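Participant: input-v3.cif (mmCIF, C-alpha atoms) pasted underneath:
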```cif
data_run
#
loop_
_atom_site.label_atom_id
_atom_site.label_comp_id
_atom_site.auth_asym_id
_atom_site.auth_seq_id
_atom_site.Cartn_x
_atom_site.Cartn_y
_atom_site.Cartn_z
CA MET Z 748 19.16 215.98 -50.69
CA SER Z 749 16.65 218.72 -51.46
CA PRO Z 750 15.65 221.57 -49.15
CA SER Z 751 12.52 221.00 -47.10
CA PHE Z 752 9.79 222.97 -45.36
CA PHE Z 753 7.48 222.59 -42.36
CA ALA Z 754 4.24 224.54 -41.93
CA GLU Z 755 1.83 224.17 -39.05
CA SER Z 756 -1.29 225.60 -37.50
CA ARG Z 757 -1.92 224.37 -33.97
CA ARG Z 758 -4.12 224.95 -30.98
CA VAL Z 759 -3.91 223.16 -27.62
CA VAL Z 760 -6.60 223.85 -25.02
CA GLU Z 761 -6.30 222.67 -21.42
CA TYR Z 762 -9.16 222.53 -18.95
CA ARG Z 763 -8.39 222.06 -15.26
CA LEU Z 764 -10.70 221.41 -12.31
CA ASN Z 765 -8.72 221.70 -9.08
CA ARG Z 766 -9.48 220.00 -5.79
CA ARG Z 767 -11.40 223.06 -4.56
CA GLY Z 768 -13.82 222.82 -7.47
CA GLU Z 769 -12.37 225.81 -9.34
CA PHE Z 770 -12.45 225.39 -13.13
CA SER Z 771 -9.95 227.13 -15.39
CA THR Z 772 -9.12 227.18 -19.09
CA SER Z 773 -5.86 227.93 -20.88
CA SER Z 774 -4.93 227.67 -24.52
CA GLN Z 775 -1.95 228.06 -26.80
CA GLY Z 776 -2.12 228.77 -30.51
CA LEU Z 777 0.75 228.52 -32.95
CA ARG Z 778 1.09 229.21 -36.64
CA GLY Z 779 4.25 229.39 -38.69
CA LEU Z 780 6.53 228.04 -41.37
CA ALA Z 781 10.16 226.96 -41.44
CA ARG Z 782 12.45 226.26 -44.39
CA THR Z 783 15.51 224.07 -43.97
CA GLU Z 784 18.45 224.42 -46.33
CA GLN Z 785 21.41 222.10 -46.66
CA ASP Z 786 25.02 223.11 -47.14
CA GLY Z 787 27.10 219.95 -47.18
CA LEU Z 788 26.13 218.35 -43.91
CA GLN Z 789 25.43 221.65 -42.16
CA TRP Z 790 21.73 222.41 -41.99
CA GLY Z 791 20.24 225.84 -41.41
CA GLN Z 792 16.67 226.86 -40.69
CA GLN Z 793 14.76 230.07 -41.33
CA SER Z 794 11.38 230.49 -39.65
CA SER Z 795 8.45 232.80 -40.27
CA ALA Z 796 5.74 233.38 -37.69
CA GLU Z 797 2.10 234.39 -37.82
CA ARG Z 798 1.50 237.24 -40.29
CA ASP Z 799 4.67 236.55 -42.32
CA ALA Z 800 4.13 232.81 -42.64
CA VAL Z 801 1.48 232.88 -45.38
CA ALA Z 802 3.55 235.24 -47.49
CA GLU Z 803 6.57 233.00 -47.03
CA ALA Z 804 4.50 229.96 -47.99
CA ALA Z 805 3.55 231.57 -51.30
CA ARG Z 806 7.24 231.71 -52.23
CA LEU Z 807 7.70 227.93 -51.91
CA ALA Z 808 8.29 225.98 -55.09
CA GLY Z 809 5.82 223.68 -56.87
CA PRO Z 810 2.82 222.15 -55.07
CA ALA Z 811 4.30 222.99 -51.66
CA ALA Z 812 3.10 226.61 -51.95
CA ALA Z 813 -0.60 225.75 -52.13
CA VAL Z 814 -0.35 223.01 -49.50
CA ALA Z 815 1.50 225.26 -47.04
CA GLN Z 816 -0.88 228.18 -47.58
CA ALA Z 817 -3.92 225.96 -46.99
CA THR Z 818 -2.31 224.56 -43.84
CA LEU Z 819 -1.79 228.03 -42.44
CA GLU Z 820 -5.06 229.64 -43.54
CA GLU Z 821 -7.75 226.97 -43.14
CA PRO Z 822 -9.45 227.07 -39.73
CA LEU Z 823 -8.88 224.11 -37.44
CA PRO Z 824 -11.80 221.77 -36.70
CA PRO Z 825 -13.90 222.43 -33.57
CA TRP Z 826 -12.29 221.58 -30.25
CA LEU Z 827 -13.76 220.52 -26.93
CA GLU Z 828 -15.86 223.39 -25.61
CA ALA Z 829 -15.34 224.67 -22.09
CA GLU Z 830 -18.91 223.85 -21.05
CA ALA Z 831 -18.54 220.21 -22.09
CA ALA Z 832 -15.14 219.93 -20.42
CA GLU Z 833 -16.49 221.42 -17.18
CA ARG Z 834 -19.42 218.97 -17.15
CA LEU Z 835 -17.09 216.02 -17.72
CA ALA Z 836 -14.59 217.14 -15.07
CA GLY Z 837 -17.33 217.99 -12.57
CA ASP Z 838 -18.98 214.59 -12.97
CA LEU Z 839 -15.68 212.79 -12.43
CA GLN Z 840 -14.86 214.91 -9.39
CA GLN Z 841 -18.25 214.19 -7.82
CA ARG Z 842 -17.90 210.47 -8.50
CA GLY Z 843 -14.40 210.46 -7.02
CA VAL Z 844 -15.43 212.16 -3.78
CA ALA Z 845 -18.57 210.03 -3.51
CA GLY Z 846 -16.36 206.97 -4.00
CA GLY Z 847 -14.22 207.77 -0.96
CA ALA Z 848 -11.56 210.26 -2.07
CA ALA Z 849 -11.05 213.40 0.01
CA TRP Z 850 -10.39 215.36 -3.17
CA CYS Z 851 -10.15 214.82 -6.91
CA GLU Z 852 -8.50 216.83 -9.68
CA VAL Z 853 -9.21 216.51 -13.41
CA VAL Z 854 -7.21 217.83 -16.36
CA VAL Z 855 -8.43 217.55 -19.96
CA GLN Z 856 -6.16 218.55 -22.84
CA HIS Z 857 -7.38 218.71 -26.44
CA GLY Z 858 -4.90 219.36 -29.23
CA LEU Z 859 -5.29 219.92 -32.97
CA GLN Z 860 -2.42 220.41 -35.39
CA ARG Z 861 -2.60 220.79 -39.15
CA ALA Z 862 0.87 220.18 -40.60
CA ALA Z 863 2.47 220.15 -44.03
CA CYS Z 864 6.09 219.27 -44.66
CA GLY Z 865 8.68 217.54 -46.78
CA ALA Z 866 10.49 218.34 -50.00
CA GLU Z 867 8.89 221.20 -51.90
CA ALA Z 868 8.28 218.98 -54.93
CA GLU Z 869 6.51 216.28 -52.90
CA PRO Z 870 4.80 217.73 -49.82
CA ARG Z 871 2.76 215.75 -47.33
CA HIS Z 872 -0.04 217.17 -45.23
CA GLY Z 873 -2.62 216.08 -42.69
CA LEU Z 874 -4.39 216.72 -39.40
CA ARG Z 875 -3.16 215.41 -36.06
CA GLU Z 876 -5.49 215.32 -33.06
CA TRP Z 877 -5.29 214.10 -29.49
CA LEU Z 878 -7.24 214.28 -26.25
CA ILE Z 879 -5.61 213.44 -22.91
CA LEU Z 880 -7.49 212.96 -19.65
CA GLU Z 881 -5.58 213.07 -16.37
CA LEU Z 882 -7.12 212.08 -13.03
CA ARG Z 883 -5.62 212.56 -9.57
CA ALA Z 884 -7.29 211.76 -6.27
CA GLY Z 885 -6.10 211.89 -2.69
CA LEU Z 886 -6.88 211.36 0.96
CA ALA Z 887 -6.77 213.83 3.82
CA ASP Z 888 -3.45 212.41 5.05
CA GLY Z 889 -1.71 213.48 1.81
CA ASP Z 890 -1.73 210.09 0.07
CA SER Z 891 -2.65 210.37 -3.62
CA VAL Z 892 -2.75 208.34 -6.83
CA TRP Z 893 -2.71 209.31 -10.51
CA ARG Z 894 -4.06 207.88 -13.74
CA CYS Z 895 -3.90 209.16 -17.31
CA PHE Z 896 -5.26 207.96 -20.63
CA ALA Z 897 -5.73 209.30 -24.13
CA TYR Z 898 -8.00 209.21 -27.16
CA PRO Z 899 -7.01 209.73 -30.81
CA SER Z 900 -9.89 212.17 -31.34
CA LEU Z 901 -12.58 214.17 -29.59
CA ARG Z 902 -15.32 212.04 -31.15
CA GLU Z 903 -13.90 208.82 -29.71
CA ALA Z 904 -13.65 210.41 -26.27
CA LEU Z 905 -17.27 211.56 -26.26
CA ASP Z 906 -18.50 208.18 -27.52
CA ALA Z 907 -16.89 206.15 -24.69
CA PRO Z 908 -17.94 207.56 -21.27
CA GLN Z 909 -17.78 204.11 -19.65
CA ARG Z 910 -14.03 204.00 -20.27
CA VAL Z 911 -13.55 207.19 -18.28
CA GLN Z 912 -15.52 205.81 -15.36
CA ALA Z 913 -13.56 202.55 -15.42
CA ARG Z 914 -10.27 204.42 -15.06
CA LEU Z 915 -11.70 206.48 -12.22
CA GLN Z 916 -12.74 203.31 -10.42
CA GLU Z 917 -9.27 201.85 -10.94
CA LEU Z 918 -7.80 204.97 -9.34
CA LEU Z 919 -10.17 204.78 -6.35
CA ASP Z 920 -9.47 201.08 -5.82
CA ALA Z 921 -5.77 201.86 -5.58
CA LEU Z 922 -6.25 204.87 -3.31
CA LEU Z 923 -8.51 203.06 -0.87
CA SER Z 924 -6.55 199.81 -0.72
CA GLY Z 925 -5.10 200.71 2.69
CA PRO Z 926 -2.22 202.72 4.21
CA ARG Z 927 1.17 202.62 2.52
CA GLN Z 928 4.06 200.67 3.99
CA PRO Z 929 7.73 201.76 4.00
CA CYS Z 930 9.48 201.20 0.69
CA PRO Z 931 11.71 198.10 0.83
CA GLN Z 932 15.46 198.30 0.32
CA GLY Z 933 17.90 196.05 -1.49
CA TRP Z 934 18.22 193.96 -4.62
CA LEU Z 935 14.65 192.73 -5.13
CA PRO Z 936 12.59 190.96 -7.79
CA VAL Z 937 10.61 193.63 -9.67
CA VAL Z 938 7.45 193.37 -11.76
CA MET Z 939 6.36 196.37 -13.86
CA ALA Z 940 2.66 196.90 -14.49
CA PRO Z 941 1.33 196.86 -18.07
CA GLY Z 942 0.75 200.18 -19.82
CA SER Z 943 1.75 202.21 -16.80
CA ALA Z 944 4.10 205.13 -16.32
CA ALA Z 945 6.73 202.47 -15.65
CA GLY Z 946 6.98 202.47 -19.47
CA SER Z 947 9.20 205.54 -19.17
CA PHE Z 948 11.91 203.06 -18.15
CA PHE Z 949 12.36 201.82 -21.73
CA HIS Z 950 12.00 205.32 -23.15
CA GLU Z 951 15.08 206.31 -21.15
CA VAL Z 952 17.08 203.06 -21.10
CA CYS Z 953 16.55 201.91 -24.71
CA GLY Z 954 15.10 204.81 -26.69
CA HIS Z 955 17.38 207.81 -26.09
CA PRO Z 956 20.56 205.69 -26.36
CA LEU Z 957 19.52 204.66 -29.90
CA GLU Z 958 18.56 208.03 -31.39
CA GLY Z 959 20.58 208.89 -34.49
CA ASP Z 960 22.31 211.99 -33.18
CA VAL Z 961 23.50 209.98 -30.16
CA LEU Z 962 24.91 207.28 -32.47
CA LEU Z 963 26.79 209.87 -34.53
CA ARG Z 964 28.82 210.90 -31.51
CA HIS Z 965 29.07 207.34 -30.10
CA GLY Z 966 27.34 208.85 -27.13
CA SER Z 967 25.61 205.94 -25.44
CA TYR Z 968 26.22 202.50 -24.01
CA LEU Z 969 24.16 200.98 -26.87
CA SER Z 970 25.49 203.12 -29.74
CA THR Z 971 28.52 200.86 -30.28
CA ARG Z 972 26.58 197.63 -29.80
CA LEU Z 973 24.49 197.43 -33.00
CA GLY Z 974 23.94 193.76 -33.75
CA GLU Z 975 25.03 192.60 -30.28
CA LYS Z 976 22.83 190.57 -27.96
CA VAL Z 977 22.21 192.47 -24.72
CA ALA Z 978 19.08 190.72 -23.39
CA GLY Z 979 17.16 187.47 -23.61
CA ALA Z 980 15.23 186.46 -26.71
CA HIS Z 981 11.97 187.29 -24.89
CA LEU Z 982 12.73 191.05 -25.04
CA SER Z 983 11.89 193.12 -28.11
CA VAL Z 984 11.60 196.91 -27.84
CA GLY Z 985 10.41 199.11 -30.68
CA ASP Z 986 9.09 202.54 -31.55
CA ASP Z 987 5.96 202.69 -33.70
CA PRO Z 988 4.27 205.99 -34.65
CA THR Z 989 1.61 204.08 -36.64
CA ARG Z 990 0.12 202.04 -33.80
CA GLY Z 991 -2.84 204.30 -32.90
CA GLY Z 992 -5.15 203.97 -29.92
CA GLU Z 993 -3.63 205.60 -26.85
CA ALA Z 994 -0.27 205.89 -28.62
CA VAL Z 995 1.21 209.02 -30.18
CA GLU Z 996 0.47 208.53 -33.86
CA TYR Z 997 1.39 210.15 -37.17
CA ALA Z 998 1.43 209.02 -40.81
CA PHE Z 999 4.55 211.00 -41.70
CA ASP Z 1000 7.23 212.63 -39.58
CA ASP Z 1001 8.08 216.33 -39.47
CA GLU Z 1002 10.30 216.05 -42.55
CA GLY Z 1003 7.58 214.32 -44.60
CA THR Z 1004 9.10 210.82 -44.36
CA PRO Z 1005 6.45 208.09 -44.01
CA ALA Z 1006 6.31 206.78 -40.45
CA ARG Z 1007 7.13 203.14 -39.81
CA PRO Z 1008 7.84 200.84 -36.87
CA VAL Z 1009 11.49 200.52 -35.84
CA TRP Z 1010 12.91 197.70 -33.72
CA LEU Z 1011 15.42 199.08 -31.23
CA LEU Z 1012 16.01 195.65 -29.71
CA ARG Z 1013 14.78 192.52 -31.49
CA GLU Z 1014 14.78 189.28 -29.53
CA GLY Z 1015 17.43 190.74 -27.24
CA ARG Z 1016 19.70 192.03 -30.00
CA VAL Z 1017 20.41 195.74 -30.65
CA GLU Z 1018 18.76 196.32 -34.01
CA GLU Z 1019 18.21 199.81 -35.50
CA PRO Z 1020 18.52 203.48 -34.48
CA LEU Z 1021 15.83 206.17 -34.81
CA LEU Z 1022 16.75 208.49 -37.69
CA ASP Z 1023 15.90 211.78 -39.34
CA ARG Z 1024 17.22 212.77 -42.78
CA ARG Z 1025 20.44 214.32 -41.53
CA THR Z 1026 21.54 211.49 -39.25
CA ALA Z 1027 20.43 208.88 -41.80
CA GLN Z 1028 22.62 210.47 -44.47
CA ARG Z 1029 25.65 210.61 -42.20
CA LEU Z 1030 25.17 207.01 -41.08
CA GLY Z 1031 24.65 205.75 -44.64
CA ARG Z 1032 21.05 204.70 -43.98
CA ASP Z 1033 17.55 205.79 -44.94
CA SER Z 1034 15.44 207.92 -42.64
CA ASN Z 1035 12.89 205.76 -40.82
CA GLY Z 1036 10.29 208.42 -40.08
CA HIS Z 1037 11.41 209.62 -36.65
CA ALA Z 1038 12.23 213.28 -37.33
CA ARG Z 1039 10.17 215.26 -34.84
CA ARG Z 1040 10.06 218.92 -33.92
CA VAL Z 1041 8.49 220.69 -30.96
CA SER Z 1042 7.21 223.36 -33.34
CA TYR Z 1043 8.19 225.18 -36.54
CA ARG Z 1044 10.56 227.27 -34.38
CA SER Z 1045 12.79 224.28 -33.57
CA ALA Z 1046 14.86 222.06 -35.83
CA PRO Z 1047 13.85 218.44 -36.46
CA LEU Z 1048 15.65 215.85 -34.35
CA PRO Z 1049 15.55 212.05 -34.33
CA ARG Z 1050 13.15 211.27 -31.48
CA MET Z 1051 10.79 208.69 -30.11
CA ALA Z 1052 7.02 208.67 -30.58
CA HIS Z 1053 5.50 205.48 -29.12
CA THR Z 1054 8.12 203.28 -27.47
CA PHE Z 1055 6.83 199.81 -26.65
CA VAL Z 1056 7.86 196.40 -25.41
CA GLU Z 1057 6.39 193.53 -27.39
CA ALA Z 1058 4.18 191.12 -25.47
CA GLY Z 1059 5.60 187.69 -24.76
CA PRO Z 1060 4.22 184.18 -24.35
CA THR Z 1061 4.03 184.09 -20.54
CA PRO Z 1062 0.53 184.52 -19.05
CA ALA Z 1063 0.65 187.81 -17.18
CA GLY Z 1064 -1.03 186.29 -14.15
CA GLU Z 1065 1.91 183.93 -13.65
CA LEU Z 1066 4.60 186.61 -13.38
CA LEU Z 1067 4.08 187.14 -9.65
CA ALA Z 1068 4.33 183.44 -8.92
CA GLY Z 1069 7.41 182.34 -7.01
CA ILE Z 1070 8.27 185.83 -5.74
CA SER Z 1071 8.34 185.66 -1.95
CA HIS Z 1072 9.27 189.33 -1.48
CA GLY Z 1073 9.45 191.89 -4.28
CA LEU Z 1074 8.05 195.11 -5.72
CA TYR Z 1075 5.27 195.73 -8.25
CA ILE Z 1076 5.95 199.11 -9.90
CA GLN Z 1077 3.12 201.15 -11.44
CA HIS Z 1078 4.52 204.66 -11.76
CA LEU Z 1079 8.12 205.78 -12.38
CA LEU Z 1080 9.55 209.24 -13.04
CA PRO Z 1081 13.06 209.64 -14.54
CA ARG Z 1082 15.66 211.18 -12.24
CA HIS Z 1083 18.92 210.55 -14.10
CA MET Z 1084 20.00 208.72 -17.26
CA GLY Z 1085 23.70 208.56 -18.11
CA LEU Z 1086 23.66 207.77 -21.81
CA LEU Z 1087 27.33 206.82 -22.04
CA SER Z 1088 27.55 204.73 -18.87
CA GLY Z 1089 23.98 203.45 -18.90
CA GLU Z 1090 23.57 204.37 -15.24
CA PHE Z 1091 20.02 205.34 -14.33
CA SER Z 1092 17.82 206.28 -11.42
CA PHE Z 1093 14.03 206.61 -11.33
CA SER Z 1094 11.65 207.82 -8.66
CA VAL Z 1095 9.21 205.07 -7.72
CA VAL Z 1096 6.02 207.08 -7.28
CA GLU Z 1097 3.50 204.26 -7.01
CA ALA Z 1098 4.22 200.62 -6.19
CA ARG Z 1099 2.98 197.66 -4.19
CA LEU Z 1100 4.77 194.94 -2.30
CA ILE Z 1101 4.75 191.41 -3.66
CA GLU Z 1102 4.36 188.90 -0.85
CA SER Z 1103 4.28 185.14 -1.44
CA GLY Z 1104 3.33 185.60 -5.08
CA GLN Z 1105 0.46 187.99 -4.33
CA LEU Z 1106 0.07 191.78 -4.47
CA GLY Z 1107 0.41 193.33 -1.03
CA PRO Z 1108 0.00 196.88 0.30
CA ARG Z 1109 1.15 200.02 -1.50
CA VAL Z 1110 4.48 201.48 -0.45
CA LEU Z 1111 5.87 204.95 0.15
CA PRO Z 1112 8.04 206.56 -2.56
CA GLY Z 1113 11.35 204.96 -3.42
CA VAL Z 1114 14.23 205.07 -5.89
CA LEU Z 1115 15.17 202.52 -8.56
CA ARG Z 1116 18.87 202.44 -9.51
CA GLY Z 1117 21.04 200.41 -11.86
CA THR Z 1118 22.68 200.29 -15.27
CA GLY Z 1119 21.03 199.62 -18.58
CA LEU Z 1120 23.01 196.53 -19.53
CA ASP Z 1121 22.50 194.90 -16.14
CA ALA Z 1122 18.76 195.66 -16.14
CA LEU Z 1123 18.25 194.30 -19.67
CA ARG Z 1124 20.11 191.11 -18.80
CA VAL Z 1125 17.98 190.37 -15.74
CA LEU Z 1126 14.63 190.95 -17.48
CA GLU Z 1127 13.24 187.44 -17.14
CA ALA Z 1128 9.86 187.47 -18.87
CA ALA Z 1129 7.32 189.55 -20.79
CA GLY Z 1130 3.64 188.85 -20.21
CA ASP Z 1131 1.01 188.19 -22.85
CA ASP Z 1132 -0.93 191.35 -22.03
CA GLY Z 1133 -0.25 194.96 -23.03
CA ARG Z 1134 -1.46 198.52 -22.65
CA SER Z 1135 -0.43 202.02 -23.70
CA LEU Z 1136 -0.08 205.34 -21.90
CA GLN Z 1137 0.60 208.90 -23.07
CA SER Z 1138 3.08 210.91 -21.05
CA THR Z 1139 1.63 214.10 -19.60
CA ARG Z 1140 5.07 215.61 -18.98
CA GLY Z 1141 6.33 214.95 -22.52
CA CYS Z 1142 9.92 214.42 -23.61
CA ARG Z 1143 12.42 217.28 -23.17
CA LYS Z 1144 15.44 216.03 -25.08
CA LEU Z 1145 18.16 218.70 -25.31
CA ASP Z 1146 15.67 221.17 -23.82
CA HIS Z 1147 13.50 220.78 -26.95
CA GLY Z 1148 10.17 220.14 -25.31
CA PRO Z 1149 7.80 219.16 -24.08
CA LEU Z 1150 7.11 216.84 -27.01
CA ARG Z 1151 4.27 214.32 -26.83
CA VAL Z 1152 5.41 210.72 -26.40
CA SER Z 1153 3.74 207.50 -25.30
CA PHE Z 1154 4.71 204.12 -23.88
CA GLY Z 1155 3.35 200.61 -24.29
CA GLN Z 1156 4.27 197.45 -22.47
CA PRO Z 1157 3.04 194.15 -21.10
CA THR Z 1158 3.63 193.02 -17.55
CA LEU Z 1159 7.41 192.55 -17.15
CA ARG Z 1160 9.44 190.66 -14.57
CA PHE Z 1161 13.04 191.38 -13.60
CA GLU Z 1162 15.08 188.90 -11.59
CA GLY Z 1163 16.27 191.77 -9.41
CA LEU Z 1164 16.84 195.53 -9.40
CA GLN Z 1165 18.23 197.86 -6.74
CA ILE Z 1166 15.49 199.57 -4.67
CA GLU Z 1167 15.85 202.06 -1.86
CA PRO Z 1168 13.47 204.31 0.09
CA GLY Z 1169 12.93 207.70 -1.54
CA PRO Z 1170 13.66 211.16 -0.20
#
```
Could the structure of this file be written out as C-alpha cells, please?
Facilitator:
Amino acid sequence: MSPSFFAESRRVVEYRLNRRGEFSTSSQGLRGLARTEQDGLQWGQQSSAERDAVAEAARLAGPAAAVAQATLEEPLPPWLEAEAAERLAGDLQQRGVAGGAAWCEVVVQHGLQRAACGAEAEPRHGLREWLILELRAGLADGDSVWRCFAYPSLREALDAPQRVQARLQELLDALLSGPRQPCPQGWLPVVMAPGSAAGSFFHEVCGHPLEGDVLLRHGSYLSTRLGEKVAGAHLSVGDDPTRGGEAVEYAFDDEGTPARPVWLLREGRVEEPLLDRRTAQRLGRDSNGHARRVSYRSAPLPRMAHTFVEAGPTPAGELLAGISHGLYIQHLLPRHMGLLSGEFSFSVVEARLIESGQLGPRVLPGVLRGTGLDALRVLEAAGDDGRSLQSTRGCRKLDHGPLRVSFGQPTLRFEGLQIEPGP
C-alpha cells in the first residue's frame, strides 16, 4: 500500500441573529497538507500548516505535486456575504415574531473546502460546499422548538426562498400547537418522525458499532454478528456519501477512495462495516470510501457520512393507526451509547403524544432507554416516505470533531421502547 497525502483549503463562515436582534459573524479558515506513511500496519502522519504547506506540496511525487499546490493556492469561490445573510436572517426573524413566536433565532453556516488526496501517483481533487440554516423560536414561558435544513450549494439556497419559509411555518405550527403535557413513562409504542433529529438514533445504534476500527477490536455488540439477522426484513440501514440533497456528500473520501453506499443492515441482517484503507487491509477487505478526517491535522478514521434507513412499503399515514397511547418522537439527542453492551439513552427533546391513533399535544422533555438488539427487534414497520437532516452538532468520535454528518429516514414504528420523564 503506497503512502498517501491530503491537502485542503477551507473556510467556514457562520452568521448568527440572536433573539435580541443582534447580528454577528464568525469565520474559520484552514489550509494545510498531511502525508501519511506506512510501516507494516503502523501508520504515521506528518502535517504542514499555512506557509509551509505549499513548499511541502511541491515535494510530492508525480501529479500529486501540482494538484496539491493548486488546492492550497487557488482562492476559494465566493461565499455568502454578511449583508445577504443579515437580510435573510432578519426576514425570517420578523416572520417568526409576526407569526406568534415571542422570539426567533437564526443561524446560517456556509462552508467551502477544496481538497486533494490519495496516492501520490493517482490523486483526486474537488470542491465541497454546504450551507446549513438553523431556526429556533420560543414563547415567553420558555417553550421552544428547533428546525434545521441544508443545501448542497449557495446557489441552490438563494434560488429556493419558499423552502425556507415552509420550514419556518412548520416550526411555528409546532410551537403554537398548545402547552406541553408531562412526558409519559413506561414501555410505550414509539413512532419516529421522518427526516428528523430522531435519525441520530441509527447513527449511534447501528453506525458507530459497525465502523472498521470498532470491528478490529471486537468492540461492539454488532461487531461479532456479521451475517446474523438482528431485525425484521423491513429494516435496512445504510450509509451513502453519494446521495446528495440535504445529505453530507462527497465523491471520494479523505484517502482518495471513491465513495459508495454501504449497507450496514440489509433486510434485518448485519451486512458490511465502514472502512478506511488501514482497517480494510487488516480485515482483508477493500476500503469502501468512508475514511474521513476532521482536518489535515487529524488522521483519517472510518466514519459515517449520511446514515439512512431505507423506506418501506407501509403508507406513512397508517403507522399511527392502532396505537391507543404512545409517543411520536421528533428530536433526540444522544446521552450515552455503550458500544459493547448496546445499551443506550437519548434525550427526547421534542415529541408528541399519540392518542387513539392520532397526534396529541407536545410533551415535556424525556429520556429514551434500551439496548440496540432489543430496539432493532421491536422495530415493526418503515413508512414509504423519507427525509434527510444535517446535524448541527456534528459527530465527535474519539474527540475527533465536530465532523459533519447527516441522517435520513422514513416514519418508523417500534412496538415499544422505554420512556421516562427527563431531568
Participant: Can you turn the PyMOL selection byres ((chain Z and resi 894) around 10) into a concrete residue list for this file, as a ChimeraX atom specification?
Facilitator: /Z:880-884,892-893,895-896,914-915,917-918,943-944,1078,1136
Participant: Store the residues picked out above, limited to C-alpha atoms, as a PDB file, keeping the file's coordinate frame.
Facilitator:
```pdb
ATOM      1  CA  LEU Z 880      -7.490 212.960 -19.650  1.00  0.00           C
ATOM      2  CA  GLU Z 881      -5.580 213.070 -16.370  1.00  0.00           C
ATOM      3  CA  LEU Z 882      -7.120 212.080 -13.030  1.00  0.00           C
ATOM      4  CA  ARG Z 883      -5.620 212.560  -9.570  1.00  0.00           C
ATOM      5  CA  ALA Z 884      -7.290 211.760  -6.270  1.00  0.00           C
ATOM      6  CA  VAL Z 892      -2.750 208.340  -6.830  1.00  0.00           C
ATOM      7  CA  TRP Z 893      -2.710 209.310 -10.510  1.00  0.00           C
ATOM      8  CA  CYS Z 895      -3.900 209.160 -17.310  1.00  0.00           C
ATOM      9  CA  PHE Z 896      -5.260 207.960 -20.630  1.00  0.00           C
ATOM     10  CA  ARG Z 914     -10.270 204.420 -15.060  1.00  0.00           C
ATOM     11  CA  LEU Z 915     -11.700 206.480 -12.220  1.00  0.00           C
ATOM     12  CA  GLU Z 917      -9.270 201.850 -10.940  1.00  0.00           C
ATOM     13  CA  LEU Z 918      -7.800 204.970  -9.340  1.00  0.00           C
ATOM     14  CA  SER Z 943       1.750 202.210 -16.800  1.00  0.00           C
ATOM     15  CA  ALA Z 944       4.100 205.130 -16.320  1.00  0.00           C
ATOM     16  CA  HIS Z1078       4.520 204.660 -11.760  1.00  0.00           C
ATOM     17  CA  LEU Z1136      -0.080 205.340 -21.900  1.00  0.00           C
TER      18      LEU Z1136
END
```
Participant: Contacts of Gln1105 in chain Z at 9 Å or less, counting only C-alpha atoms, minus same-chain residues fewer than 2 places along, as a list of chain:residue names?
Facilitator: Z:Leu1067, Z:Ala1068, Z:Ile1070, Z:Ser1071, Z:Leu1100, Z:Ile1101, Z:Glu1102, Z:Ser1103, Z:Gly1107
Participant: Ranking Z:Gly959, Z:Gly847, Z:Pro1170, Z:Gly885 by minimum distance to Arg1032 in chain Z and counting all atoms listed in the file, which one comes first?
Facilitator: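 Between Z:Gly959, Z:Gly847, Z:Pro1170, Z:Gly885, the residue approaching Arg1032 in chain Z most closely is Z:Gly959.
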Participant: List the residues sitting within 12 Å of (22.0, 211.0, -17.9) in the file's frame, using all atoms listed in the file, as an NGL selection string.
Facilitator: :Z and (951-952 or 955-956 or 966-968 or 1081-1093 or 1118-1119 or 1144-1145)
Participant: Once the PyMOL selection byres ((chain Z and resi 870) around 10) has been evaluated on this model, what residues remain selected, and can you format them as a list in words?
Facilitator: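 The output of the PyMOL selection byres ((chain Z and resi 870) around 10) on this file is Ser751, Phe752, Phe753, Gly809, Pro810, Ala811, Ala812, Ala813, Val814, Ala815, Ala863, Cys864, Gly865, Ala866, Glu867, Ala868, Glu869, Arg871, His872, Glu1002, Gly1003 and Thr1004 of chain Z.
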Participant: Do a neighbour search on Leu957 in chain Z at 12 Å with all atoms listed in the file, toss out local chain neighbours closer than 2 positions, and write the hits as an NGL selection string.
Facilitator: :Z and (949-955 or 959-973 or 984-986 or 1009-1012 or 1017-1022 or 1026 or 1037 or 1049-1051 or 1054 or 1086-1087 or 1089)
Participant: Let me make sure I understand: among Z:Ala1006, Z:Cys930, Z:Val1096, Z:Ala1052, which one has the smallest atom-to-atom distance to Leu1074 in chain Z if we use only C-alpha atoms?
Facilitator: Z:Cys930
Participant: Translate the PyMOL selection byres ((chain Z and resi 1060) around 7), as applied to the file shown, into an explicit residue set as a PyMOL selection string.
Facilitator: chain Z and resi 1059+1061-1062+1130-1131
Participant: Would you work out the distance separating CA of Ala1038 in chain Z from CA of Leu1150 in chain Z, expressed in Å to one decimal?
Facilitator: 12.1 Å
Participant: Distance CA of Arg1124 in chain Z-CA of Val938 in chain Z, one decimal place?
Facilitator: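 It comes out at 14.7 Å.
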Participant: Could you please give me, as an NGL selection string, the residues of protein, DNA or RNA lying at most 9 Å from (18.1, 193.2, -17.9) in the coordinate frame of the file, considering all atoms listed in the file?
Facilitator: :Z and (977-979 or 1118-1127 or 1161-1164)
Participant: What is the distance between CA of Gly942 in chain Z and CA of Gln1137 in chain Z, in Å to one decimal?
Facilitator: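 According to the coordinates, CA of Gly942 in chain Z and CA of Gln1137 in chain Z are separated by 9.3 Å.
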Participant: Choose the residue, out of Z:Gly992, Z:Gly925, Z:Gly1036, Z:Pro936, that has the smallest atom-to-atom separation from Pro1008 in chain Z; count all atoms listed in the file.
Facilitator: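 Closest to Pro1008 in chain Z, using all atoms listed in the file: Z:Gly1036.
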Participant: Please provide the set of residues having any atom within 12 Å of Val759 in chain Z, restricted to all atoms listed in the file, with same-chain residues fewer than 2 positions apart removed, written as a ChimeraX atom specification.
Facilitator: /Z:756-757,761-762,772-778,823,825-827,855-861,875-879
Participant: Using only C-alpha atoms, which residues sit within 6 Å of Arg1134 in chain Z once same-chain residues fewer than 5 positions away are excluded, as a list in words?
Facilitator: Pro941, Gly942, Gly1155 and Gln1156 of chain Z
Participant: Given the choices Z:His981, Z:Ala1027, Z:Gly889, Z:Arg1099, which gets closest to Ala1058 in chain Z if the distance is worked out from all atoms listed in the file?
Facilitator: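 For Ala1058 in chain Z, the nearest of the candidates is Z:His981.
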Participant: Calculated over all atoms listed in the file, which of the candidates Z:Ala805, Z:Leu1106, Z:Val854, Z:Leu935 has the smallest distance to Leu819 in chain Z?
Facilitator: Z:Ala805
Participant: Taking into account all atoms listed in the file, which residue in the set Z:Val801, Z:Ala1046, Z:Ala887, Z:Leu1030 is nearest to Glu784 in chain Z?
Facilitator: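 Of Z:Val801, Z:Ala1046, Z:Ala887, Z:Leu1030, the one nearest Glu784 in chain Z, counting all atoms listed in the file, is Z:Ala1046.
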